[in-house]
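This is model_8.txt. It holds compact mmCIF, C-alpha atoms and all ligand atoms.
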# COMPACT_ATOMS: atom_id res chain seq x y z
CA MET A 10 55.35 19.69 -14.25
CA PHE A 11 52.35 19.80 -16.50
CA ALA A 12 53.48 16.66 -18.29
CA VAL A 13 53.85 14.72 -15.04
CA CYS A 14 50.38 15.82 -13.91
CA PHE A 15 48.92 14.78 -17.26
CA VAL A 16 50.52 11.32 -17.08
CA SER A 17 49.34 10.66 -13.54
CA THR A 18 45.69 11.46 -14.27
CA PHE A 19 45.41 9.78 -17.65
CA SER A 20 43.44 6.54 -17.14
CA VAL A 21 45.46 4.26 -19.43
CA CYS A 22 49.13 3.52 -18.91
CA PRO A 23 51.55 2.71 -21.73
CA ALA A 24 51.25 -0.96 -22.76
CA THR A 25 52.38 -3.53 -20.18
CA THR A 26 52.52 -1.00 -17.33
CA THR A 27 50.11 -0.29 -14.50
CA GLY A 28 49.83 1.58 -11.20
CA LEU A 29 49.15 5.20 -10.34
CA TYR A 30 52.55 6.14 -11.74
CA CYS A 31 52.54 3.56 -14.53
CA ASN A 32 55.80 2.22 -13.19
CA GLN A 33 54.65 -1.30 -12.39
CA THR A 34 54.52 -4.17 -14.85
CA CYS A 35 51.24 -5.96 -15.67
CA PRO A 36 51.04 -9.63 -14.57
CA GLN A 37 53.20 -11.73 -16.87
CA ASN A 38 50.43 -13.83 -18.47
CA CYS A 39 48.22 -10.93 -19.55
CA LEU A 40 47.43 -11.17 -23.26
CA ASN A 41 49.80 -8.72 -24.99
CA GLY A 42 50.85 -7.54 -21.53
CA LEU A 43 47.76 -5.36 -21.10
CA CYS A 44 46.02 -4.78 -17.76
CA ASN A 45 43.84 -2.33 -15.84
CA ARG A 46 45.76 0.57 -14.40
CA TYR A 47 44.04 0.56 -11.02
CA THR A 48 43.29 -3.10 -10.39
CA ALA A 49 46.08 -4.68 -12.47
CA ARG A 50 43.44 -7.11 -13.79
CA CYS A 51 44.54 -8.41 -17.17
CA ASP A 52 42.33 -7.28 -20.05
CA ALA A 53 42.50 -10.91 -21.24
CA CYS A 54 44.79 -13.88 -20.66
CA ALA A 55 47.34 -15.53 -22.89
CA ASN A 56 46.49 -19.11 -23.96
CA ASP A 57 46.47 -21.66 -21.15
CA TRP A 58 45.93 -19.10 -18.33
CA TRP A 59 42.93 -17.68 -16.48
CA GLY A 60 42.07 -15.54 -13.44
CA ALA A 61 42.15 -11.77 -12.79
CA ASN A 62 45.93 -11.87 -12.91
CA CYS A 63 46.02 -14.83 -15.30
CA ALA A 64 47.99 -16.77 -12.73
CA SER A 65 45.88 -19.97 -12.88
CA VAL A 66 46.50 -22.68 -15.47
CA CYS A 67 43.62 -23.87 -17.69
CA GLY A 68 42.73 -27.57 -17.51
CA ASN A 69 43.15 -29.89 -20.48
CA CYS A 70 41.21 -27.58 -22.80
CA LYS A 71 41.03 -28.16 -26.51
CA GLY A 72 42.82 -25.20 -28.08
CA ASP A 73 44.28 -24.19 -24.68
CA LYS A 74 41.64 -21.48 -24.15
CA CYS A 75 39.51 -21.11 -21.02
CA ASN A 76 37.22 -18.46 -19.50
CA GLN A 77 39.14 -15.78 -17.62
CA ASP A 78 36.68 -15.70 -14.70
CA THR A 79 35.74 -19.38 -14.33
CA GLY A 80 38.47 -21.41 -16.01
CA ALA A 81 35.77 -23.23 -18.02
CA CYS A 82 37.21 -24.51 -21.28
CA ALA A 83 36.04 -22.54 -24.31
CA SER A 84 35.69 -25.41 -26.78
CA GLY A 85 35.68 -28.78 -25.08
CA CYS A 86 38.34 -31.03 -23.64
CA ASP A 87 41.43 -32.77 -24.90
CA ASP A 88 41.09 -36.55 -25.15
CA GLY A 89 41.01 -38.33 -21.82
CA TYR A 90 39.32 -35.56 -19.77
CA TYR A 91 35.89 -34.10 -18.99
CA SER A 92 34.11 -31.54 -16.70
CA LEU A 93 33.75 -27.79 -17.34
CA THR A 94 37.40 -27.19 -16.65
CA CYS A 95 38.51 -30.49 -18.23
CA THR A 96 40.45 -31.43 -15.14
CA THR A 97 38.74 -34.76 -14.45
CA PRO A 98 40.13 -37.86 -16.18
CA CYS A 99 37.55 -40.00 -18.04
CA ARG A 100 36.00 -42.65 -15.79
CA TYR A 101 37.80 -45.55 -17.44
CA SER A 102 41.46 -45.66 -18.30
CA GLY A 103 40.72 -47.22 -21.71
CA CYS A 104 38.63 -44.23 -22.85
CA GLN A 105 40.11 -42.26 -25.73
CA ALA A 106 37.50 -39.51 -25.36
CA CYS A 107 34.54 -39.28 -22.98
CA ASP A 108 31.24 -37.35 -22.68
CA ASN A 109 30.33 -34.81 -20.00
CA LEU A 110 29.54 -37.63 -17.56
CA GLY A 111 32.93 -39.22 -18.09
CA GLU A 112 31.57 -42.20 -20.06
CA CYS A 113 33.68 -43.38 -22.98
CA VAL A 114 32.64 -42.27 -26.45
CA SER A 115 35.68 -43.91 -28.05
CA CYS A 116 38.34 -46.36 -26.89
CA LYS A 117 42.11 -46.25 -27.00
CA GLN A 118 43.68 -48.55 -29.54
CA GLY A 119 43.59 -52.17 -28.47
CA LYS A 120 40.56 -51.67 -26.16
CA TYR A 121 36.86 -52.29 -26.70
CA ASP A 122 33.43 -52.54 -25.02
CA THR A 123 31.37 -49.70 -23.51
CA LEU A 124 33.85 -49.24 -20.65
CA CYS A 125 36.83 -49.74 -22.98
CA SER A 126 38.13 -52.13 -20.35
CA LEU A 127 38.48 -55.24 -22.51
CA ASN A 128 41.55 -56.02 -24.57
CA CYS A 129 41.23 -56.66 -28.26
CA SER A 130 42.11 -60.25 -29.09
CA ASP A 131 45.82 -61.04 -29.42
CA LYS A 132 44.90 -62.06 -32.94
CA CYS A 133 44.26 -58.39 -33.67
CA HIS A 134 47.93 -57.72 -32.94
CA GLY A 135 50.10 -57.72 -35.99
CA GLN A 136 47.31 -56.06 -37.92
CA ARG A 137 48.25 -52.66 -39.18
CA THR A 138 46.00 -50.76 -36.72
CA ASP A 139 45.93 -53.18 -33.78
CA ALA A 140 42.25 -52.26 -33.57
CA CYS A 141 39.03 -54.13 -32.97
CA THR A 142 35.40 -53.09 -33.18
CA ALA A 143 33.09 -52.19 -30.28
CA LEU A 144 32.38 -55.92 -29.95
CA GLY A 145 36.05 -56.82 -29.92
CA ARG A 146 36.11 -58.25 -33.43
CA MET A 147 38.90 -57.52 -35.83
CA GLU A 148 37.89 -55.41 -38.79
CA SER A 149 38.80 -58.27 -41.13
CA VAL A 150 36.62 -60.71 -39.14
CA VAL A 151 33.66 -58.34 -39.47
CA LYS A 152 34.21 -58.21 -43.21
CA ALA A 153 34.51 -62.00 -43.25
CA SER A 154 31.24 -62.45 -41.34
CA ALA A 155 29.49 -60.06 -43.71
CA PHE A 156 30.71 -62.34 -46.47
CA LEU A 157 29.41 -65.38 -44.56
CA VAL A 158 25.95 -63.79 -44.26
CA THR A 159 25.98 -63.21 -48.00
CA SER A 160 27.12 -66.80 -48.64
CA ASP A 161 24.47 -68.04 -46.23
CA GLN A 162 21.76 -66.17 -48.12
CA HIS A 163 23.07 -67.72 -51.31
CA ALA A 164 23.00 -71.13 -49.62
CA ARG A 165 19.41 -70.56 -48.52
CA SER A 166 18.24 -69.39 -51.91
CA ASP A 167 20.04 -72.41 -53.40
CA ALA A 168 18.20 -74.63 -50.89
CA MET A 169 14.88 -73.00 -51.81
CA ALA A 170 15.66 -73.43 -55.47
CA THR A 171 16.34 -77.10 -54.77
CA ALA A 172 13.14 -77.42 -52.73
CA VAL A 173 11.11 -75.95 -55.60
C1 LIG B 201 56.51 4.18 -8.72
O1 LIG B 201 56.70 5.56 -8.61
C2 LIG B 201 56.32 6.09 -7.33
C3 LIG B 201 56.42 7.60 -7.38
O2 LIG B 201 57.65 7.98 -7.91
C4 LIG B 201 57.24 5.48 -6.25
O3 LIG B 201 56.88 5.97 -4.99
C5 LIG B 201 57.10 3.98 -6.29
O4 LIG B 201 57.99 3.35 -5.39
C6 LIG B 201 57.37 3.45 -7.69
N1 LIG B 201 57.04 2.02 -7.72
C7 LIG B 201 57.84 1.12 -8.33
C8 LIG B 201 57.36 -0.29 -8.31
O5 LIG B 201 58.86 1.44 -8.90
C1 LIG B 202 44.86 -56.23 -20.99
O1 LIG B 202 46.20 -56.07 -21.37
C2 LIG B 202 47.01 -55.44 -20.38
C3 LIG B 202 48.36 -55.12 -20.98
O2 LIG B 202 48.80 -56.14 -21.83
C4 LIG B 202 47.07 -56.39 -19.17
O3 LIG B 202 47.87 -55.81 -18.15
C5 LIG B 202 45.65 -56.61 -18.64
O4 LIG B 202 45.68 -57.52 -17.59
C6 LIG B 202 44.74 -57.12 -19.75
N1 LIG B 202 43.39 -57.10 -19.26
C7 LIG B 202 42.53 -58.10 -19.46
C8 LIG B 202 41.14 -57.91 -18.94
O5 LIG B 202 42.84 -59.11 -20.06
Please, can you express the file's structure as structure tokens?
Amino acid sequence: MFAVCFVSTFSVCPATTTGLYCNQTCPQNCLNGLCNRYTARCDACANDWWGANCASVCGNCKGDKCNQDTGACASGCDDGYYSLTCTTPCRYSGCQACDNLGECVSCKQGKYDTLCSLNCSDKCHGQRTDACTALGRMESVVKASAFLVTSDQHARSDAMATAV
């Protein structure tokens, strides 16, 4: 009798149980199965869940962790999403990652320009990375043009040498 009375007035139930008689199970997504005895609110949520009962799914959060009360992602969004809860797709389908306004900060492979809406030249295909620069130029073309600038400077200094 004494033991029963003691159990029913003690404020913490054995792990994973809740209720006045500690004979109910905490919500299934509580971290380590722990919850408040009287409200059944989870002490914390397992990865990818939020809410008092951890019954709501986090958005596309980096690391799969979001705030238990708001669902706001703890450390930014996975590629392709933005907003506090990382539930909004980037504004343009070619974005690899976007900022908190949804504007592209990097493009998916094969795309370029600020909206990542333009296709890299077909001539980029067959290259190892299938990539082009922000201006749509193949990496090798950029290197080639850097070489041309250098050659051009040589040409000009040659011309000046000739003029002198
Ligand atoms: C918990 O125990 C109480 C008291 O014995 C009982 O009335 C109640 O139905 C039980 N609840 C569950 C979910 O088993
Ligand atoms: C880019 O390439 C895709 C897939 O090959 C094609 O559907 C699309 O029309 C192209 N867009 C432009 C602007 O050329």
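The coordinates place CA of Ser126 in chain A at 18.4 Å from CA of Thr97 in chain A.
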*Using only C-alpha atoms and all ligand atoms, find each protein or nucleic acid residue lying at most 9 Å from ligand LIG 202 (chain B); present the set as an NGL selection string.*
:A and (119-120 or 126-129)
*List all protein, DNA and RNA residues that have an atom no more than 10 Å from any atom of ligand LIG 201 (chain B), counting all atoms listed in the file, and report them as a count of residues only.*
9
*What is the CA of Pro36 in chain A to CA of Ala61 in chain A distance in Å?*
9.3 Å
_Could you list, as a ChimeraX atom specification, every residue within 10 Å of Ala55 in chain A, counting all atoms listed in the file and ignoring same-chain residues fewer than 6 positions away?_
/A:37-42,63,73-75,77
_Protein, DNA and RNA residues within 12 Å of (43.9, -38.8, -23.1), all atoms listed in the file, as a list of chain:residue names_ = A:Asn69, A:Cys70, A:Lys71, A:Cys86, A:Asp87, A:Asp88, A:Gly89, A:Tyr90, A:Tyr91, A:Cys95, A:Thr96, A:Thr97, A:Pro98, A:Cys99, A:Arg100, A:Tyr101, A:Ser102, A:Gly103, A:Cys104, A:Gln105, A:Ala106, A:Cys107, A:Cys113, A:Ser115, A:Cys116, A:Lys117, A:Gln118
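Compared by their closest atoms to Leu93 in chain A, and using all atoms listed in the file, the residues A:Cys67, A:Val114, A:Leu124, A:Cys51 rank with A:Cys67 nearest.
Minimum atom-to-atom distances from A:Ser84, A:Ser130, A:Ser92, A:Thr25 to Asp52 in chain A were compared using only C-alpha atoms, and the lowest value belongs to A:Thr25.
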Generate the missing atoms of range 68-95 of chain A up to N, CA and C atoms and report them as an mmCIF file, keeping the file's coordinate frame.
data_model
loop_
_atom_site.group_PDB
_atom_site.id
_atom_site.type_symbol
_atom_site.label_atom_id
_atom_site.label_comp_id
_atom_site.auth_asym_id
_atom_site.auth_seq_id
_atom_site.Cartn_x
_atom_site.Cartn_y
_atom_site.Cartn_z
ATOM 1 N N GLY A 68 42.676 -26.107 -17.514
ATOM 2 C CA GLY A 68 42.730 -27.570 -17.510
ATOM 3 C C GLY A 68 43.176 -28.066 -18.872
ATOM 4 N N ASN A 69 42.749 -29.288 -19.199
ATOM 5 C CA ASN A 69 43.150 -29.890 -20.480
ATOM 6 C C ASN A 69 42.177 -29.471 -21.580
ATOM 7 N N CYS A 70 42.152 -28.154 -21.833
ATOM 8 C CA CYS A 70 41.210 -27.580 -22.800
ATOM 9 C C CYS A 70 41.687 -27.775 -24.232
ATOM 10 N N LYS A 71 40.720 -28.125 -25.087
ATOM 11 C CA LYS A 71 41.030 -28.160 -26.510
ATOM 12 C C LYS A 71 41.360 -26.734 -26.933
ATOM 13 N N GLY A 72 42.443 -26.536 -27.623
ATOM 14 C CA GLY A 72 42.820 -25.200 -28.080
ATOM 15 C C GLY A 72 43.475 -24.354 -26.989
ATOM 16 N N ASP A 73 43.610 -24.901 -25.775
ATOM 17 C CA ASP A 73 44.280 -24.190 -24.680
ATOM 18 C C ASP A 73 43.644 -22.875 -24.284
ATOM 19 N N LYS A 74 42.323 -22.729 -24.534
ATOM 20 C CA LYS A 74 41.640 -21.480 -24.150
ATOM 21 C C LYS A 74 40.583 -21.781 -23.104
ATOM 22 N N CYS A 75 40.582 -20.960 -22.005
ATOM 23 C CA CYS A 75 39.510 -21.110 -21.020
ATOM 24 C C CYS A 75 39.050 -19.726 -20.560
ATOM 25 N N ASN A 76 37.834 -19.712 -19.935
ATOM 26 C CA ASN A 76 37.220 -18.460 -19.500
ATOM 27 C C ASN A 76 38.060 -17.776 -18.423
ATOM 28 N N GLN A 77 38.262 -16.486 -18.565
ATOM 29 C CA GLN A 77 39.140 -15.780 -17.620
ATOM 30 C C GLN A 77 38.598 -15.780 -16.189
ATOM 31 N N ASP A 78 37.262 -15.757 -16.047
ATOM 32 C CA ASP A 78 36.680 -15.700 -14.700
ATOM 33 C C ASP A 78 36.445 -17.067 -14.065
ATOM 34 N N THR A 79 36.123 -18.079 -14.895
ATOM 35 C CA THR A 79 35.740 -19.380 -14.330
ATOM 36 C C THR A 79 36.729 -20.503 -14.631
ATOM 37 N N GLY A 80 37.559 -20.332 -15.622
ATOM 38 C CA GLY A 80 38.470 -21.410 -16.010
ATOM 39 C C GLY A 80 37.787 -22.464 -16.858
ATOM 40 N N ALA A 81 36.482 -22.259 -17.180
ATOM 41 C CA ALA A 81 35.770 -23.230 -18.020
ATOM 42 C C ALA A 81 36.384 -23.229 -19.422
ATOM 43 N N CYS A 82 36.606 -24.425 -19.947
ATOM 44 C CA CYS A 82 37.210 -24.510 -21.280
ATOM 45 C C CYS A 82 36.274 -23.933 -22.332
ATOM 46 N N ALA A 83 36.840 -23.242 -23.302
ATOM 47 C CA ALA A 83 36.040 -22.540 -24.310
ATOM 48 C C ALA A 83 35.486 -23.476 -25.371
ATOM 49 N N SER A 84 36.184 -24.562 -25.684
ATOM 50 C CA SER A 84 35.690 -25.410 -26.780
ATOM 51 C C SER A 84 35.966 -26.882 -26.540
ATOM 52 N N GLY A 85 35.575 -27.352 -25.368
ATOM 53 C CA GLY A 85 35.680 -28.780 -25.080
ATOM 54 C C GLY A 85 37.043 -29.192 -24.538
ATOM 55 N N CYS A 86 37.151 -30.495 -24.303
ATOM 56 C CA CYS A 86 38.340 -31.030 -23.640
ATOM 57 C C CYS A 86 39.250 -31.799 -24.593
ATOM 58 N N ASP A 87 40.505 -31.862 -24.228
ATOM 59 C CA ASP A 87 41.430 -32.770 -24.900
ATOM 60 C C ASP A 87 40.976 -34.197 -24.588
ATOM 61 N N ASP A 88 41.403 -35.147 -25.402
ATOM 62 C CA ASP A 88 41.090 -36.550 -25.150
ATOM 63 C C ASP A 88 41.485 -36.936 -23.728
ATOM 64 N N GLY A 89 40.650 -37.786 -23.128
ATOM 65 C CA GLY A 89 41.010 -38.330 -21.820
ATOM 66 C C GLY A 89 40.467 -37.543 -20.626
ATOM 67 N N TYR A 90 39.803 -36.387 -20.880
ATOM 68 C CA TYR A 90 39.320 -35.560 -19.770
ATOM 69 C C TYR A 90 37.898 -35.072 -19.992
ATOM 70 N N TYR A 91 37.201 -34.724 -18.890
ATOM 71 C CA TYR A 91 35.890 -34.100 -18.990
ATOM 72 C C TYR A 91 35.726 -33.135 -17.821
ATOM 73 N N SER A 92 34.511 -32.574 -17.667
ATOM 74 C CA SER A 92 34.110 -31.540 -16.700
ATOM 75 C C SER A 92 34.325 -30.163 -17.349
ATOM 76 N N LEU A 93 33.708 -29.131 -16.754
ATOM 77 C CA LEU A 93 33.750 -27.790 -17.340
ATOM 78 C C LEU A 93 35.183 -27.304 -17.534
ATOM 79 N N THR A 94 36.019 -27.651 -16.579
ATOM 80 C CA THR A 94 37.400 -27.190 -16.650
ATOM 81 C C THR A 94 38.334 -28.259 -17.243
ATOM 82 N N CYS A 95 37.727 -29.399 -17.618
ATOM 83 C CA CYS A 95 38.510 -30.490 -18.230
ATOM 84 C C CYS A 95 39.683 -30.912 -17.354
#
